[in-house]
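This report concerns only the one structure given below.
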Number of protein chains: 2
Amino acid sequence: VTTDYTALTCAHNAAGFHIPATADSATAPVVPQRGTRRGLGVTDVHLDVESFWGARQEVNATATFAHCVAWMERLGWLENFDRIARGERTYARAGWQFSDSEVYKLLEGMAWEHARSADPALVTIFEGLVARVAAAQDADGYLSTAFGHPGLPPRYSDMSMGHELYNVGHLLQAAVACMRTGIGQHLVSIAHRAADHVCDTFAPGANESLCGHPEIEVALVEFGRATGEVRYLEQARVFIDRRGRGILPVRPLLSAEYFQDDTPVRDAVVLRGHAVRALYLSAGAVDLAVDSADHDLLDALRRQWQRTVERRTYVTGGMGSRHQDEGFGEDWELPADRAYCETCAGVASIMFSWRLYLATGEVAYADLIERTLFNIVATSPAADGRSFFYANPLHQREMATQAHDGVNHRAEGGSRAPWFDVSCCPTNVARTLASLGAYLGSADADALTLAQYAAGTITAQLTSGLVTVRVDTRYPADGHIRVTVVQAPAASVTLRLRVPSWAHEATLTGADGVRVPCAPGWVDITADFAAGDIVELDLSMTPRLTWPDPRIDAVRGTAAVERGPLVLCVESTDLPEGVDLDDIRLNAGATPVAHGDGARISAGIIATPSQPASAPPFGVHRDVPLVHEPLDLPLVPYHRWAERGPSRMRVFLPIEVDRT
Amino acid sequence: VTTDYTALTCAHNAAGFHIPATADSATAPVVPQRGTRRGLGVTDVHLDVESFWGARQEVNATATFAHCVAWMERLGWLENFDRIARGERTYARAGWQFSDSEVYKLLEGMAWEHARSADPALVTIFEGLVARVAAAQDADGYLSTAFGHPGLPPRYSDMSMGHELYNVGHLLQAAVACMRTGIGQHLVSIAHRAADHVCDTFAPGANESLCGHPEIEVALVEFGRATGEVRYLEQARVFIDRRGRGILPVRPLLSAEYFQDDTPVRDAVVLRGHAVRALYLSAGAVDLAVDSADHDLLDALRRQWQRTVERRTYVTGGMGSRHQDEGFGEDWELPADRAYCETCAGVASIMFSWRLYLATGEVAYADLIERTLFNIVATSPAADGRSFFYANPLHQREMATQAHDGVNHRAEGGSRAPWFDVSCCPTNVARTLASLGAYLGSADADALTLAQYAAGTITAQLTSGLVTVRVDTRYPADGHIRVTVVQAPAASVTLRLRVPSWAHEATLTGADGVRVPCAPGWVDITADFAAGDIVELDLSMTPRLTWPDPRIDAVRGTAAVERGPLVLCVESTDLPEGVDLDDIRLNAGATPVAHGDGARISAGIIATPSQPASAPPFGVHRDVPLVHEPLDLPLVPYHRWAERGPSRMRVFLPIEVDRT
C-alpha cells in the first residue's frame, strides 16, 4: 500500500507548528498538523447516559476515578510525591518505578472528564493531586519519585527499565488534556519545565540515550502541538530516530526487541517485543511522520500496522500473544488460552490506529478501533468500574478460585481485580473512557464522519458552519442507527458513515426515504441538509460464525461466534449441570441465532475421550469424539464474561469433525 | 491407583538408615532403603561407544566437561570461589545467585564419569575445582559465593530466590557421587560440614524457612543414605513438610505456586508452578516417602505423577508449557510452539520417575524415562557436546537468525547455544549422561531388569550370584535386541525386559528359540540361564502416527509421527525450495513409512489462504485450504533438529480436512 501523501491536505494548518485551537478541535486528544481527517473534540460529543459507552463514561466518572485515587493513596504511590517534596531520604519506596505515571494518567483522564461533565468535586481532587505532584518537582524541572533523590538511584541511571521519561510522557499527556480542556494550568507549567529538562538533557550531543518504555515520543509531539513549541517535536524525532540501534543496555532474560531497540522504526516490518511499548512508539512515530510530512516513515508504519493486524492480532482486537515479556508473538502465534491481550495494549492499539485514521481516512483503522473498543476496552472494567481485567485471554481453562479484593500481583486469574501490583490498566481505561467521544468521528472541511456509533449528539465545525446531529441507536444491542440533523449550514455538506467490515447486509435509508444496500466501508451522503433530516443505517446484528485463518495453529478446527461488533463467548455459568466446557462441539453446519444480547447455536456434548493410562495424552488411535447429546449452546458477549462470578470461558469452539 | 506398600519388600536393607554398599549398588546415584527395585550402578553398565548412548557418553566425557569448565572460568563463576577464599569484598559478582550449583553439578558428573572411564586428566581437573570450592567454605560450614560475605547480602536474606540451599543441595549430590565412586574425599568433607550447617540452621525451632528452589531435599536424603546419618533424612523431612504453607515471601509478579509453597506436597493433586522446582521437590518427596515407609505420601506422589503425565506432558516427555515462570501449564495446555520443556525439567522428570520405578517396579515410569531420554536429554546437546538447547519446543516458527557463539541470554532461539546466562542445562545434561548406565535397569534378589536398551554389557549381583549379559542392538535405529548371557549363577533367575508402551507388535524369542508375541509391559524370562543363552526381543520400528488427546486445543487437527521411542519432526531444511512449513497438510489416511533414521509420509501443499485485507486473521468464510500439490514429506528424529543449521520445525502436522 503506497499513498501519495503529497496529496494530503492539511485540514486546518499547513505551515507552522502551532495549532490555533478551533471550536471543535480544542478538546481533541490528538491534533495533527496534517492529515485527511480532523478528530472531534471531547466536548463535541454528548453520549446518552443509557448508551453503551455513555453508561461506561458515567461509571468511570462516578466510581473509577475515586477508586484509583483511593488505591494510590492506600499503597503510598501518592505519598511518594510528598516524601520527595519533604526532602526525606527514601528507604523502601512504595510501588514500581513507573507508579508516578498512574497519577498522571489519572490526571489526564480527570481533565478530559472535566470537559465532559464539569464536576466540581472532581476538580477539587484534581487540584489536590496536582499540588502534590508540583511540590515534588526539582528546581531544574526534573520530576521523579523513583530516581534522583536521597536514597534512590541517580537520575537516568537505568534507561532500560527506569521509566523516567515514560513517566514524564504521561505527565505531558496530562498537560495536553489540561491545555485543551482549560483546567490545571499549574500542571501545564510543571509539564513545561519537565519537558524542557528532558530536551536539555537528551539533546544531540548531550545524553544520547532513550527510554526503555516508549511514551515520551507520542507525548512530546502532542505537547509540541499544544504549546506550539518546535523543540518538543524535534526532541520526539531525536528519540524515535535514536531507537532501534541497540543503545539500551539489555538485561539478562530480556532482549533489544523487548523495547524495540533492535530495529529502527522506519526499517521494521512488523510490531514485536513488548506490545504496549511497540504500540506507544508506533503512535508517536505516526505523529512525527505526519507533522514532518515524512511519507516513508508513514508508509512503513502503515505496513507494520497491516502485517501486525493480519497476523498478530486476535479477533477481539487484542494484541500481545505472550505473558512472557507481555509481548507480541510471531506471525500466526495466537493462542486463545495464553492470550495476553493486555488492556493497555488495546488502548495503545487505538492510539496507533486513530492516528493512522486521521492521517489517511481509511476505514480499516476505524474498524479495528471498534473491535478493540467493544472487546478489550469494554471488557476490562467491571460494571461497577471498580475492578479490571489486565490480561484478556480468549479461553479460561480454570475457574478463578477467589474474588480478588486486594492487589493482584499477577496479570491473570480469570477475575477482575481492584488493583494490580503493576496497575497500568485501570488508569488507562479511565483516561480512554473519559476522552472516548473524541474517537467517535472526525470533521473535515465539509464532512462529518461518524466512525463509531453511540446514542448521543455530535457537533462539528465545518468550513460552511456548524453541523449538529442526533444519533439514536441501541448499538450494539441493535443495528439500527438513526442520524437526525439538528443543525446544518446552508451549504452542501457530507455525512459520512462507516459500514463496519463485518456488516454484509447493511442498508442506508437517505433523507429521501430511499433504502439502498451498502457495502462495508465509508458511505457518503452529501446534501443540503436541513434540521430534521434523517439518515438511517441498518446493520445486520444476526450472529455469525467467524473462522480463523488456517495458519493459526492454536485454534485450528474451531470457530468463534460474533454478533455485530461483539465477540461472543461461552461461559461455564450457562452450561447445564455436569457439562464440561471442554466437552462441547459445535455441530458441523450449525448457524448461530440471536438470543438476548448474545446468541445460541446447536452443539453437542462428547463423551470424555478414552485416556491412555499413565501416559502422555498422545496415542496411536485417533480419538475423534462423537457427539452423543445435543446442546442448545448459549453465548454471551465476551466483554461481560466473569461478571456473574468466576467462570470457565471459551471464545473459540471446536467443531464436530468426521472420522477420516 | 492404590498400592499396598506394606507388601513391598525391602530389597537389601529393611531396618536401619545406613545402606552398606554392595558390589552393584555402590555406584548407583539413588539407593533407597525400601522399594521393589534396586538400581544398577554406573560401573555395572558398559555401553559400546558406537551405541546411541555410549557415543553420547564419550562426547560428554571428552568435550562437554572441559567446555563447561572453560565457560565457568571465562565468566568468573569459578573466580567467585577464589574471591571469597581471599576474603575480598565483592563489588560486582559474576553470574546469578545459583552459579555455584553449576560447579557442583559438573563435579557430580565428573565423579560419575570417573567411575565410568577413569580418565586421570579428568581427575586432575576435578581436584583443582574441589580445592577452589574448599577454600571458599566458611569455618562453620556455610558455603556460598553470593551471600554472607563482604559486599554481598547477608546469609539467608532471600530465601525465596537466593538459592543458597539449592546450591548446597547440588554440592551434596556431588558428594554422594564422590562417596559412591571413590574419589573426592575432600569434597565429601566439605559437603558434610555444609550439610551439618544446614541442619543446625534450619532445624525446627531455629530458622524455620525453606529454599525457594527445591533441591536440598532430594540431596539431603541421598546424602543421608550415603553417609548413614539420620539427621540428614530428618532435615529433608522437615523441609518437605514445611513446604506448601505460604512461608516463602512472594515477590511481585511471582506466586506461591511458582515454588510449590501453595499446597503441601501430600495434599497436591498435580505438579504446578516452575517445572524443575516441582520435579526436584517430587523426587525428594518420593525418597522421603520410601525411606520412611510413608504410604500416603507415596500414593499422593504417584497420583500427581499420573495426572501430570496424562494432562501436562508433551509427546517428547517434555514438561513445562510456559516460558512465563518456566512453568507447568494447566491441564491440556500443551502448545507446540511455546512449549518450554526445559532440558533440566527432562532431567528432573527422570529423577522423579526413576525413584517411583524403584519404589514400585511399574513399567509406566520406565516408559516415560525412555521417552524423555530420547527426546529431551538427547535433543539438548549438539553432536559435538559443546552447545545445548535449553528449551525444547515442538514447533519452531521462525528460523534462528544466528549461530550463537556466545552466551545466550534467552532460553529460546531455535539454535543450540554454547552457554546461557542461566546455564543450568549443560551441566545437568553432563551429570545425567555420565551416570546414565545406572538408569538402564535394576537388580532384584533374583531378577535383572533391562528397563532401557543400549548395546553394551551389564552386570548385576543377584542373591544367587553375579549375572552378566551382553546386549547387542542398534536401538533405536533398529528394534532387534539380542541379550546374550555371559555369566549366570547356578540357579533359576529372571531376565525382565521392558516392552515399551508404543510397541504393539513385539515378539520375544527365548533361549529355546520359540518366538512369542508379547504385549507392552514387563516380560519375565525365568530360567536356569547358562553362558551363551540368547533371548531376543523384536520391537517394530515401523513409523506410526500419534494423535493428540482431543482436549489439547493447541494441536487439534494434527498428528505427529513417531518411530520406536523417537518423536520425529519435519524440518524446513528437508523441504523443496519454496515450500513453506505452514502450508503442508498430511493426507487424510496417510501412513508413514521408514526412511533413513526417520520416515516419509504422503502430504500435500496448500495454496496460501486468502487473506482479508488489513483485518485480523478471522473471517466469515471458513477457509479450508485445498491440497493442490503432492509432497512425499520427509521426517527426521526430533533429537537431531537444527543440527544441520537453523531451521523451521514442526512435530505436529495438520491433517487435510474436508469442507464441512
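Ordered as shown in the C-alpha cells, chains take letters A, B, and onward, while each chain numbers its residues from 1 and ligands are numbered from 1 in the order shown.
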Counting only C-alpha atoms, which residues of chain B fall within 6 Å of chain A, and what is the closest atom pair for each with its distance in Å at one decimal, ordered by chain and rising number, as JSON lines?
{"residue": "B:Pro252", "atom": "CA", "partner": "A:His409", "partner_atom": "CA", "distance": 5.7}
{"residue": "B:Leu253", "atom": "CA", "partner": "A:Arg410", "partner_atom": "CA", "distance": 5.4}
{"residue": "B:Gln306", "atom": "CA", "partner": "A:Ser614", "partner_atom": "CA", "distance": 5.2}
{"residue": "B:Val309", "atom": "CA", "partner": "A:Pro616", "partner_atom": "CA", "distance": 5.1}
{"residue": "B:Glu310", "atom": "CA", "partner": "A:Pro616", "partner_atom": "CA", "distance": 4.8}
{"residue": "B:Thr313", "atom": "CA", "partner": "A:Pro616", "partner_atom": "CA", "distance": 5.6}
{"residue": "B:Gln324", "atom": "CA", "partner": "A:Gln324", "partner_atom": "CA", "distance": 4.8}
{"residue": "B:His409", "atom": "CA", "partner": "A:Leu253", "partner_atom": "CA", "distance": 5.5}
{"residue": "B:Arg410", "atom": "CA", "partner": "A:Leu253", "partner_atom": "CA", "distance": 5.4}
{"residue": "B:Thr546", "atom": "CA", "partner": "A:Val620", "partner_atom": "CA", "distance": 4.8}
{"residue": "B:Trp547", "atom": "CA", "partner": "A:Arg622", "partner_atom": "CA", "distance": 5.2}
{"residue": "B:Pro548", "atom": "CA", "partner": "A:Phe618", "partner_atom": "CA", "distance": 4.4}
{"residue": "B:Asp549", "atom": "CA", "partner": "A:Pro617", "partner_atom": "CA", "distance": 5.3}
{"residue": "B:Ala554", "atom": "CA", "partner": "A:Ala554", "partner_atom": "CA", "distance": 4.5}
{"residue": "B:Ser614", "atom": "CA", "partner": "A:Gln306", "partner_atom": "CA", "distance": 5.2}
{"residue": "B:Ala615", "atom": "CA", "partner": "A:Glu310", "partner_atom": "CA", "distance": 5.5}
{"residue": "B:Pro616", "atom": "CA", "partner": "A:Glu310", "partner_atom": "CA", "distance": 4.8}
{"residue": "B:Pro617", "atom": "CA", "partner": "A:Glu310", "partner_atom": "CA", "distance": 5.2}
{"residue": "B:Phe618", "atom": "CA", "partner": "A:Pro548", "partner_atom": "CA", "distance": 4.4}
{"residue": "B:Gly619", "atom": "CA", "partner": "A:Thr546", "partner_atom": "CA", "distance": 5.3}
{"residue": "B:Val620", "atom": "CA", "partner": "A:Thr546", "partner_atom": "CA", "distance": 4.8}
{"residue": "B:Arg622", "atom": "CA", "partner": "A:Trp547", "partner_atom": "CA", "distance": 5.2}
Neighbouring residues of B:Gly437 were defined as those with any atom within 8 Å, considering only C-alpha atoms; residues of the same chain fewer than 6 positions away were excluded. Please report them as a PDB file with C-alpha atoms, in the first residue's frame.
ATOM      1  CA  LEU B  40      22.166 -50.623  38.752  1.00  0.00           C
ATOM      2  CA  GLY B  41      25.443 -48.922  39.462  1.00  0.00           C
ATOM      3  CA  VAL B  42      27.254 -46.770  36.976  1.00  0.00           C
ATOM      4  CA  THR B  43      30.068 -49.323  36.948  1.00  0.00           C
ATOM      5  CA  ASP B  44      27.683 -52.198  36.303  1.00  0.00           C
ATOM      6  CA  VAL B  45      26.999 -50.978  32.795  1.00  0.00           C
ATOM      7  CA  HIS B  46      29.468 -50.619  29.974  1.00  0.00           C
ATOM      8  CA  LEU B  47      27.937 -49.235  26.830  1.00  0.00           C
TER       9      LEU B  47
END
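With distances restricted to only C-alpha atoms, B:Ala55 is the closest residue to B:Asp384 from B:Val49, B:Val238, B:Ile183, B:Ala55.
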_Need the shell around A:Phe389: protein/DNA/RNA residues with any atom at most 6 Å away, counting only C-alpha atoms. Skip same-chain ones fewer than 2 positions apart. Format as a ChimeraX atom specification?_
/A:380,391,416
